[in-house]
Each structure stands twice: as structure tokens, then as C-alpha cells.
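Trainee: Okay, so here is model-v8.txt, and as you'll see once you scroll down, it has compact mmCIF, C-alpha atoms.
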# COMPACT_ATOMS: atom_id res chain seq x y z
CA MET A 1 -220.61 -231.98 25.45
CA ARG A 2 -223.56 -233.62 27.20
CA VAL A 3 -227.05 -232.90 25.85
CA GLY A 4 -230.21 -233.83 27.70
CA ALA A 5 -233.96 -233.39 27.36
CA PHE A 6 -235.65 -231.05 29.81
CA ILE A 7 -239.17 -232.34 30.50
CA LEU A 8 -241.56 -230.03 32.31
CA ALA A 9 -244.69 -232.19 31.85
CA ALA A 10 -246.28 -229.04 30.47
CA GLN A 11 -250.06 -229.06 30.19
CA PHE A 12 -251.03 -227.18 27.05
CA PRO A 13 -254.58 -225.82 26.68
CA GLY A 14 -257.12 -228.56 26.00
CA GLN A 15 -254.91 -231.41 27.22
CA GLY A 16 -255.68 -233.83 30.02
CA GLN A 17 -253.14 -234.43 32.76
CA GLY A 18 -252.81 -238.14 31.98
CA GLU A 19 -252.05 -237.26 28.37
CA VAL A 20 -249.33 -234.88 29.54
CA LEU A 21 -247.67 -237.44 31.79
CA HIS A 22 -247.78 -240.05 29.03
CA ARG A 23 -245.95 -237.59 26.76
CA ALA A 24 -243.38 -236.95 29.49
CA VAL A 25 -242.62 -240.65 29.89
CA ARG A 26 -242.50 -241.27 26.14
CA SER A 27 -240.21 -238.25 25.67
CA ALA A 28 -237.73 -239.70 28.14
CA GLN A 29 -237.81 -243.13 26.55
CA THR A 30 -237.34 -241.58 23.12
CA ALA A 31 -234.41 -239.53 24.45
CA GLU A 32 -232.62 -242.73 25.42
CA GLU A 33 -233.38 -244.30 22.04
CA ALA A 34 -232.09 -241.18 20.29
CA GLY A 35 -228.75 -241.25 22.09
CA LEU A 36 -229.20 -238.24 24.38
CA ASP A 37 -227.13 -238.22 27.54
CA GLU A 38 -229.70 -237.20 30.15
CA VAL A 39 -233.29 -236.42 30.99
CA TRP A 40 -234.14 -233.61 33.42
CA LEU A 41 -237.52 -233.47 35.19
CA ALA A 42 -239.22 -230.36 36.52
CA GLU A 43 -241.42 -230.18 39.63
CA HIS A 44 -244.47 -227.94 40.16
CA HIS A 45 -247.55 -227.92 42.38
CA PHE A 46 -251.14 -226.92 41.67
CA VAL A 47 -250.48 -225.34 38.24
CA PRO A 48 -250.72 -226.60 34.63
CA TYR A 49 -247.31 -225.10 33.91
CA GLY A 50 -246.09 -228.58 34.89
CA VAL A 51 -248.16 -231.45 36.23
CA CYS A 52 -245.32 -233.44 37.84
CA PRO A 53 -245.46 -232.63 41.58
CA GLN A 54 -242.59 -234.92 42.61
CA ALA A 55 -239.64 -235.04 40.23
CA ALA A 56 -237.85 -237.76 42.22
CA THR A 57 -240.87 -240.04 41.93
CA LEU A 58 -241.04 -239.62 38.17
CA ALA A 59 -237.26 -240.10 38.03
CA ALA A 60 -237.69 -243.46 39.77
CA LEU A 61 -240.18 -244.58 37.13
CA LEU A 62 -237.93 -243.49 34.28
CA LEU A 63 -234.83 -245.08 35.76
CA GLY A 64 -236.79 -248.33 35.84
CA ARG A 65 -237.90 -247.98 32.23
CA THR A 66 -234.48 -247.06 30.82
CA ARG A 67 -231.08 -248.71 30.90
CA ARG A 68 -228.43 -246.16 29.95
CA ILE A 69 -229.57 -242.55 30.12
CA GLY A 70 -228.97 -240.34 33.15
CA VAL A 71 -232.02 -238.94 34.94
CA GLY A 72 -232.01 -235.77 37.02
CA THR A 73 -234.41 -233.46 38.82
CA ALA A 74 -234.59 -229.86 37.62
CA VAL A 75 -235.41 -229.24 40.30
CA SER A 76 -236.63 -230.79 43.50
CA VAL A 77 -237.88 -227.84 45.55
CA LEU A 78 -236.22 -227.97 48.98
CA PRO A 79 -238.39 -225.57 51.03
CA THR A 80 -241.48 -227.75 50.55
CA GLN A 81 -239.94 -231.08 51.57
CA HIS A 82 -237.77 -232.42 54.35
CA PRO A 83 -234.09 -232.63 53.34
CA VAL A 84 -233.71 -236.04 54.97
CA ALA A 85 -236.71 -237.47 53.09
CA LEU A 86 -235.32 -236.12 49.82
CA GLY A 87 -231.86 -237.39 50.72
CA GLU A 88 -233.22 -240.88 51.34
CA GLN A 89 -234.92 -240.86 47.94
CA ALA A 90 -231.78 -239.61 46.23
CA ALA A 91 -229.61 -242.26 47.89
CA LEU A 92 -232.05 -244.99 46.95
CA LEU A 93 -232.18 -243.89 43.31
CA HIS A 94 -228.41 -243.47 43.13
CA LEU A 95 -227.73 -246.95 44.43
CA ALA A 96 -230.55 -248.79 42.64
CA SER A 97 -229.71 -247.19 39.27
CA GLU A 98 -225.95 -247.72 39.69
CA GLY A 99 -225.19 -244.03 39.57
CA ARG A 100 -227.54 -242.74 36.85
CA PHE A 101 -229.37 -240.25 39.08
CA THR A 102 -228.54 -236.55 39.55
CA LEU A 103 -230.27 -234.50 42.23
CA GLY A 104 -231.03 -230.94 41.20
CA VAL A 105 -232.39 -228.73 43.98
CA GLY A 106 -233.71 -225.19 44.15
CA ARG A 107 -235.44 -222.63 46.32
CA GLY A 108 -238.61 -222.45 44.26
CA GLY A 109 -240.83 -219.40 44.57
CA PRO A 110 -243.06 -217.65 47.13
CA TRP A 111 -246.01 -219.76 46.08
CA VAL A 112 -249.00 -221.11 47.97
CA ASP A 113 -247.09 -224.43 48.08
CA LEU A 114 -245.37 -223.07 51.20
CA GLU A 115 -248.75 -222.81 52.94
CA VAL A 116 -250.08 -226.17 51.79
CA PHE A 117 -247.00 -228.10 52.90
CA GLY A 118 -246.62 -226.15 56.14
CA ALA A 119 -243.16 -224.79 55.34
CA GLY A 120 -244.05 -221.11 55.64
CA LEU A 121 -242.55 -218.12 53.88
CA ALA A 122 -239.42 -218.22 56.06
CA ALA A 123 -238.39 -221.52 54.47
CA TYR A 124 -238.29 -219.76 51.11
CA GLU A 125 -236.83 -216.44 52.21
CA HIS A 126 -233.91 -217.60 54.38
CA GLY A 127 -234.18 -221.33 55.12
CA PHE A 128 -232.62 -222.71 51.94
CA PRO A 129 -228.98 -222.84 53.16
CA GLU A 130 -229.91 -224.84 56.25
CA SER A 131 -231.95 -227.29 54.18
CA LEU A 132 -229.22 -227.67 51.57
CA ASP A 133 -226.49 -228.29 54.14
CA LEU A 134 -228.57 -230.91 55.93
CA LEU A 135 -229.27 -232.63 52.60
CA LEU A 136 -225.56 -232.67 51.71
CA ARG A 137 -224.62 -234.12 55.09
CA TRP A 138 -227.20 -236.85 54.63
CA LEU A 139 -225.71 -237.77 51.25
CA ARG A 140 -222.11 -237.81 52.53
CA GLU A 141 -222.00 -238.93 56.17
CA PRO A 142 -222.80 -242.26 57.92
CA ARG A 143 -224.74 -240.67 60.80
CA VAL A 144 -226.53 -237.34 60.93
CA GLY A 145 -228.17 -235.21 63.61
CA ALA A 146 -229.39 -231.63 63.43
CA ASP A 147 -229.60 -228.63 65.72
CA GLY A 148 -230.73 -225.88 63.39
CA GLU A 149 -233.38 -223.21 63.29
CA ARG A 150 -235.82 -225.33 61.29
CA TYR A 151 -234.55 -228.89 61.74
CA ALA A 152 -233.51 -230.42 65.05
CA PHE A 153 -233.28 -234.14 65.76
CA ARG A 154 -231.05 -236.70 67.48
CA GLU A 155 -228.31 -238.41 65.51
CA VAL A 156 -229.53 -241.32 63.39
CA ALA A 157 -227.94 -243.77 60.98
CA VAL A 158 -228.07 -242.95 57.26
CA VAL A 159 -229.74 -245.92 55.55
CA PRO A 160 -229.14 -246.56 52.72
CA ARG A 161 -225.83 -244.74 52.48
CA ALA A 162 -225.42 -242.99 49.16
CA ALA A 163 -221.69 -242.58 49.80
CA GLU A 164 -220.92 -246.29 49.75
CA ALA A 165 -219.42 -248.29 46.89
CA LEU A 166 -222.01 -250.45 45.18
CA VAL A 167 -219.84 -253.43 44.27
CA ASP A 168 -216.12 -252.71 44.11
CA PRO A 169 -214.56 -251.36 47.32
CA ASP A 170 -212.15 -249.36 45.15
CA ASP A 171 -215.18 -247.86 43.39
CA PRO A 172 -213.68 -247.17 39.95
CA GLN A 173 -216.90 -245.42 38.86
CA GLY A 174 -216.80 -242.92 41.70
CA LEU A 175 -220.08 -244.06 43.22
CA THR A 176 -218.76 -243.67 46.76
CA ALA A 177 -219.28 -239.93 46.42
CA GLY A 178 -223.06 -240.32 46.24
CA PRO A 179 -225.34 -238.76 43.63
CA PRO A 180 -224.19 -235.55 41.95
CA VAL A 181 -226.02 -232.46 43.25
CA VAL A 182 -226.66 -229.30 41.23
CA VAL A 183 -228.30 -226.09 42.42
CA ALA A 184 -230.68 -223.87 40.45
CA CYS A 185 -229.21 -220.37 40.54
CA THR A 186 -231.10 -217.20 39.62
CA SER A 187 -229.28 -214.53 41.63
CA PRO A 188 -225.76 -213.63 42.78
CA SER A 189 -226.58 -214.85 46.29
CA SER A 190 -227.60 -218.30 45.06
CA VAL A 191 -224.49 -218.44 42.86
CA ARG A 192 -222.28 -217.72 45.88
CA LEU A 193 -224.16 -220.26 47.98
CA ALA A 194 -223.57 -223.01 45.40
CA ALA A 195 -219.96 -221.97 44.85
CA ALA A 196 -219.09 -222.07 48.56
CA ARG A 197 -220.22 -225.70 48.62
CA GLY A 198 -218.56 -226.59 45.34
CA LEU A 199 -221.90 -227.45 43.73
CA PRO A 200 -222.48 -226.90 40.00
CA MET A 201 -225.24 -224.54 38.88
CA LEU A 202 -228.37 -225.11 36.82
CA LEU A 203 -229.00 -221.88 34.90
CA GLY A 204 -232.48 -221.06 33.60
CA MET A 205 -233.72 -220.96 30.03
CA HIS A 206 -234.66 -217.28 30.34
CA CYS A 207 -230.96 -216.31 30.55
CA GLY A 208 -228.82 -215.45 27.55
CA ASP A 209 -225.19 -216.40 27.04
CA GLU A 210 -223.82 -213.14 28.43
CA GLU A 211 -225.72 -213.47 31.70
CA LYS A 212 -224.78 -217.13 32.05
CA ALA A 213 -221.11 -216.33 31.40
CA GLU A 214 -221.24 -213.69 34.15
CA MET A 215 -222.77 -216.19 36.58
CA VAL A 216 -220.11 -218.78 35.76
CA ALA A 217 -217.37 -216.20 36.33
CA LEU A 218 -218.92 -215.20 39.67
CA TRP A 219 -219.20 -218.87 40.67
CA ARG A 220 -215.52 -219.44 39.91
CA SER A 221 -214.32 -216.48 41.91
CA ALA A 222 -216.62 -217.28 44.83
CA ALA A 223 -215.59 -220.94 44.84
CA LEU A 224 -211.89 -220.06 44.92
CA ALA A 225 -212.52 -217.50 47.68
CA ALA A 226 -214.28 -220.22 49.68
CA GLY A 227 -211.21 -222.45 49.48
CA ARG A 228 -212.14 -224.67 46.57
CA THR A 229 -209.14 -225.85 44.59
CA PRO A 230 -208.54 -224.80 40.96
CA GLY A 231 -209.09 -228.44 40.01
CA GLU A 232 -212.50 -228.52 41.69
CA VAL A 233 -213.46 -225.28 40.01
CA ALA A 234 -212.38 -226.48 36.57
CA ALA A 235 -214.25 -229.79 36.99
CA ALA A 236 -217.64 -228.23 37.86
CA GLU A 237 -220.29 -229.37 35.39
CA HIS A 238 -222.75 -226.49 35.23
CA VAL A 239 -225.98 -227.08 33.31
CA SER A 240 -227.57 -224.64 30.87
CA ALA A 241 -231.33 -224.98 30.45
CA GLY A 242 -232.89 -224.01 27.15
CA VAL A 243 -235.41 -224.86 24.46
CA VAL A 244 -234.81 -226.90 21.31
CA GLN A 245 -236.96 -227.29 18.22
CA VAL A 246 -235.43 -228.96 15.19
CA ALA A 247 -237.03 -228.34 11.80
CA ASP A 248 -235.99 -228.06 8.17
CA GLY A 249 -236.06 -224.28 8.39
CA ARG A 250 -235.81 -221.60 11.06
CA SER A 251 -239.24 -220.15 10.31
CA ALA A 252 -240.96 -223.54 10.61
CA ALA A 253 -239.37 -224.19 14.01
CA VAL A 254 -240.29 -220.74 15.32
CA GLU A 255 -243.84 -221.10 14.03
CA THR A 256 -244.27 -224.42 15.84
CA LEU A 257 -243.29 -222.86 19.16
CA THR A 258 -245.11 -219.54 18.76
CA LYS A 259 -248.34 -221.40 17.99
CA ALA A 260 -248.19 -223.58 21.09
CA MET A 261 -246.08 -222.07 23.86
CA PRO A 262 -247.86 -218.72 24.47
CA GLY A 263 -251.09 -220.54 25.37
CA TRP A 264 -249.18 -222.75 27.78
CA PHE A 265 -247.41 -219.77 29.36
CA ARG A 266 -250.65 -217.83 29.68
CA GLN A 267 -252.44 -220.72 31.36
CA GLY A 268 -249.53 -222.12 33.35
CA LEU A 269 -247.75 -219.03 34.61
CA GLY A 270 -251.05 -217.27 35.23
CA ALA A 271 -252.12 -220.01 37.63
CA HIS A 272 -249.35 -219.32 40.17
CA VAL A 273 -250.64 -217.93 43.48
CA THR A 274 -248.30 -216.25 45.97
CA VAL A 275 -248.42 -217.36 49.58
CA ASP A 276 -248.59 -213.83 50.98
CA GLY A 277 -250.59 -212.06 48.27
CA ARG A 278 -247.59 -210.19 46.86
CA TYR A 279 -247.92 -209.02 43.28
CA ARG A 280 -246.00 -211.03 40.70
CA SER A 281 -245.91 -209.70 37.16
CA MET A 282 -246.18 -212.23 34.35
CA ARG A 283 -244.09 -212.11 31.19
CA ASP A 284 -245.92 -211.43 27.96
CA PRO A 285 -246.43 -215.01 26.64
CA LEU A 286 -245.71 -214.30 22.99
CA ALA A 287 -242.74 -212.02 23.68
CA TYR A 288 -241.27 -214.62 26.05
CA THR A 289 -241.66 -217.37 23.44
CA GLU A 290 -239.95 -215.18 20.84
CA LEU A 291 -237.12 -214.48 23.30
CA LEU A 292 -236.58 -218.20 23.89
CA CYS A 293 -236.54 -218.83 20.14
CA ALA A 294 -233.85 -216.16 19.78
CA LEU A 295 -231.70 -217.47 22.64
CA HIS A 296 -231.74 -221.19 22.00
CA PRO A 297 -231.31 -223.89 19.32
CA VAL A 298 -234.49 -223.40 17.31
CA GLY A 299 -234.23 -224.10 13.58
CA PRO A 300 -232.46 -226.48 11.19
CA PRO A 301 -229.94 -228.97 12.60
CA GLU A 302 -226.89 -226.94 11.56
CA LEU A 303 -228.20 -223.83 13.32
CA CYS A 304 -229.06 -225.82 16.44
CA ALA A 305 -225.56 -227.30 16.59
CA ASP A 306 -223.97 -223.90 16.01
CA ARG A 307 -226.11 -222.32 18.73
CA LEU A 308 -225.14 -224.96 21.29
CA ALA A 309 -221.46 -224.70 20.34
CA ALA A 310 -221.58 -220.91 20.61
CA THR A 311 -223.19 -221.04 24.06
CA SER A 312 -220.56 -223.51 25.21
CA GLU A 313 -217.74 -221.33 23.90
CA ARG A 314 -219.12 -218.14 25.45
CA THR A 315 -220.01 -219.61 28.85
CA GLY A 316 -217.73 -222.59 29.31
CA ILE A 317 -220.80 -224.77 29.93
CA ARG A 318 -220.80 -228.13 28.18
CA ARG A 319 -223.93 -229.66 29.69
CA PHE A 320 -227.39 -228.79 28.39
CA ALA A 321 -230.97 -229.48 29.48
CA LEU A 322 -233.18 -228.62 26.50
CA MET A 323 -236.97 -228.43 26.66
CA VAL A 324 -238.19 -230.70 23.87
CA GLU A 325 -241.98 -230.52 24.31
CA GLY A 326 -242.58 -226.95 23.11
CA SER A 327 -244.94 -228.11 20.36
CA GLY A 328 -247.26 -229.60 22.98
CA ASP A 329 -247.85 -232.61 20.73
CA LEU A 330 -246.62 -236.14 21.43
CA ALA A 331 -245.73 -237.13 17.88
CA ALA A 332 -244.02 -233.80 17.21
CA THR A 333 -242.10 -234.04 20.48
CA GLU A 334 -240.86 -237.53 19.67
CA GLU A 335 -239.76 -236.36 16.21
CA ASN A 336 -238.01 -233.37 17.77
CA VAL A 337 -236.08 -235.62 20.15
CA ARG A 338 -235.13 -238.05 17.39
CA ARG A 339 -233.87 -235.26 15.15
CA LEU A 340 -231.91 -233.78 18.02
CA GLY A 341 -230.19 -237.11 18.51
CA ALA A 342 -229.70 -238.05 14.85
CA GLU A 343 -229.02 -234.67 13.21
CA VAL A 344 -227.70 -232.29 15.88
CA LEU A 345 -225.63 -234.38 18.29
CA PRO A 346 -223.28 -235.78 15.60
CA GLN A 347 -222.23 -232.20 14.78
CA LEU A 348 -221.14 -231.50 18.36
CA VAL A 349 -217.68 -232.35 19.62
Just give me the structure as C-alpha cells.

Mentor:
Amino acid sequence: MRVGAFILAAQFPGQGQGEVLHRAVRSAQTAEEAGLDEVWLAEHHFVPYGVCPQAATLAALLLGRTRRIGVGTAVSVLPTQHPVALGEQAALLHLASEGRFTLGVGRGGPWVDLEVFGAGLAAYEHGFPESLDLLLRWLREPRVGADGERYAFREVAVVPRAAEALVDPDDPQGLTAGPPVVVACTSPSSVRLAAARGLPMLLGMHCGDEEKAEMVALWRSAALAAGRTPGEVAAAEHVSAGVVQVADGRSAAVETLTKAMPGWFRQGLGAHVTVDGRYRSMRDPLAYTELLCALHPVGPPELCADRLAATSERTGIRRFALMVEGSGDLAATEENVRRLGAEVLPQLV
């Protein structure tokens, strides 16, 4: 089982943005010290829900400040950036970090970001497959050209090539394959899209075990139908996003999150603006926090370990990205990460 910290760089009410980013960096460094396997970085624009606008940039900083831990994006939003530019960043990070980088990508939402970056609503509504396929070609081929609806350009050399061995031509670490790519999936169509390309899924923290198990089953059947081998299907490392709060008792952990997270949800989710003025309902902040506490490892170490083991057994997923900053406080977040590493991880097989 691989357990990582999910860092949204969440701006809680009353906090400055520099303070938030300092907590994000310290959380990642503490995760490495605590023995966690990975750190996952979210990406948002123009909202305090998360003040990191470029997950790959923050990943570069963290890869430079750590030595062992894996760093991934959860996710880099494809419709608002050029797939080749993102592919170049991913290749650079993959090679410079000797394989510690994972590229998570997603479709994002119908937000005003699409207007600001000039992508337009079409990039969100039906342009994701073209962008994803161009990105994958860039990460796997020596030369790439495009003749698509959105992207068209002459063939150019891929420099640096992510799919080259770093040192050993035989590449015992598998680095010739380039950085791993995962896809955020929130609907059957996105599950089928990822499955057809053999790409693992990142499943959101709002989903329970039953829904995640159904999405994994759909992915498997779709992948096999697309010609993926049983070995490829069995080897897919899907990622389950969630929330973790370790405390001596269940009530103390829940209280910590219900005091802090509703204000963040109210301020952060409420700040989203749609590009076309469509109505988007917002979850009730307190009810959503209580749902997350019920779904995920929130409580004493034994409960947290049991919850992770149960999710793994029900879904088949053995890779987790757990939001650690739900208290909104730096010291409390660092303690949460340390307890996750020292008291929860040893109980997991």
C-alpha cells in the first residue's frame, strides 16, 4: 500500500496566501520525514480553495527540496494549458528527479479560467481527448506533429525525451517509459477514456468505497474491451483521494475538521465563477465536511488504518492521496502528517 499526502494549498479564512504556500511546502517536507510515499499537489486559479495555480511548478520546488518521496500533480488541468508545454515540464521533472515525478491530469471545470487563458468552453466540453493524446505522444515519441481540431503544427523533435534511459541503457528502473500519468475521473465517460489508454484513475475524495469500486470495475472492463492485456489491467495503480485526521479519539478528529473545513469550503467553493454563467450549486459546507469525516480515515490511528485497509479491500485500490491540511493550521498539519507516518502506516501491509 502506498500512502501520500494530498496538498491543496487551501486558504482558510483569515490566512494570507504566503502563509498557505509555506504550509504547503512544510507539509511536503514533513511527509518525507514521516516516511510517506508520495505528495500530491492540486491546481486552482483565482479562488482561495487552493492558491497553487501551477502544480508542476510547485512540484519542481518540492522535488528540489526532497530526496526520496514521490511528487505528483492532482491534477494539472489540461484544457487551460498546451499539452506540449506540460509535456516538456513533465519530461524535465521526470529526468531531473530520476523518476520521482507523476503527472496527474484532468479536465477541470467550466470555470472562468477557460476565458482568461483563451481556451474557450469547447476545450472543456469536448477537447480533453485530443489534448490528452497529444500529451501522451509527447511523453512517448521522439518526434511529434499534430493535425487536430485544436492543435496543428509541423513535426518537431521532443527535447528532452522523457522516454529515454537516464543512465543505464537497459534501464532497470523503468525510466525509459517516461513519467507515470494518471487521469482524474468523475464520470463513466472519463473512466472509459482513461481505460482505453491504459491510464490509471485518480478518484475524488467525495466518492465512497462503493462508487469507487464501481468505477474500478468499469475501468477494467473498458480496458479489456479496448485491447489492454489482463496483465496491464491488473498492474494499474489507481489512486484514491481522501481526507485524513489522526487524533487520540474519533470525536477530537471530527471536531478539528468541522471547526475549520466548512469556512474554507464556503469561501473557496463559493468563489468559483463559471465561464458561461451557468448555475452551479454548492454543497452545504458543514454537511460536506461531515460526509468526508464519515468516508475517510478520521480518528485514532487504529481506526485510520482500518478505514484505509477496508477501502483497499472493497475497491482494489492500494494507493492513497490523503488531504492532511484540514485543520488549516501549520503546527496541527505537521503533527497530523507525523502521526500518519508513525502510528498509521506501520499498521498497513

Trainee: Distance table requested - segment 71-161 of chain A against segment 262-286 of chain A, cut-off 8 Å, only C-alpha atoms: one row per qualifying residue with the closest atom pair and its distance in Å to one decimal, ordered by chain and rising residue number, as a tab-separated table.

Mentor:
residue	atom	partner	partner_atom	distance
A:Pro110	CA	A:Thr274	CA	5.5
A:Trp111	CA	A:Thr274	CA	4.2
A:Val112	CA	A:Val275	CA	4.1
A:Asp113	CA	A:Val275	CA	7.3
A:Leu114	CA	A:Val275	CA	6.7
A:Glu115	CA	A:Val275	CA	6.4
A:Leu121	CA	A:Val275	CA	7.3

Trainee: If you keep C-alpha atoms, can you produce a file of those selected residues as a PDB file, keeping the file's coordinate frame?

Mentor:
ATOM      1  CA  PRO A 110    -243.060-217.650  47.130  1.00  0.00           C
ATOM      2  CA  TRP A 111    -246.010-219.760  46.080  1.00  0.00           C
ATOM      3  CA  VAL A 112    -249.000-221.110  47.970  1.00  0.00           C
ATOM      4  CA  ASP A 113    -247.090-224.430  48.080  1.00  0.00           C
ATOM      5  CA  LEU A 114    -245.370-223.070  51.200  1.00  0.00           C
ATOM      6  CA  GLU A 115    -248.750-222.810  52.940  1.00  0.00           C
ATOM      7  CA  LEU A 121    -242.550-218.120  53.880  1.00  0.00           C
TER       8      LEU A 121
END

Trainee: Neighbouring residues of His82 of chain A were defined as those with any atom within 9 Å, considering all atoms listed in the file; residues of the same chain fewer than 3 positions away were excluded. Please report them as a list in words.

Mentor: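 In the requested format, the answer is Leu78, Pro79, Ala85, Leu86, Gly87, Ser131, Leu135 and Tyr151 of chain A.
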
Trainee: If you measure from atom CA of His45 of chain A to atom CA of Leu92 of chain A, what distance in Å do you get, rounded to one decimal?

Mentor: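 Spanning atom CA of His45 of chain A to atom CA of Leu92 of chain A is a straight-line distance of 23.5 Å.
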
Trainee: Could you name the residues that touch Gly106 of chain A at 12 Å or less, counting all atoms listed in the file, but leaving out those on the same chain fewer than 4 positions away, as a PyMOL selection string?

Mentor: chain A and resi 42-44+73-81+83+123-124+127-129+131-132+181-187+190-191+193-194+201-204

Trainee: From (-213.7, -226.8, 40.4), in the file's coordinates, out to 9 Å: which residues are reached, counting only C-alpha atoms? Answer as a ChimeraX atom specification.

Mentor: /A:198-200,220,223-224,228-237

Trainee: Rounded to one decimal in Å, what is the spacing between atom CA of Val159 of chain A and atom CA of Glu141 of chain A?

Mentor: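 Calculated distance between atom CA of Val159 of chain A and atom CA of Glu141 of chain A is 10.4 Å.
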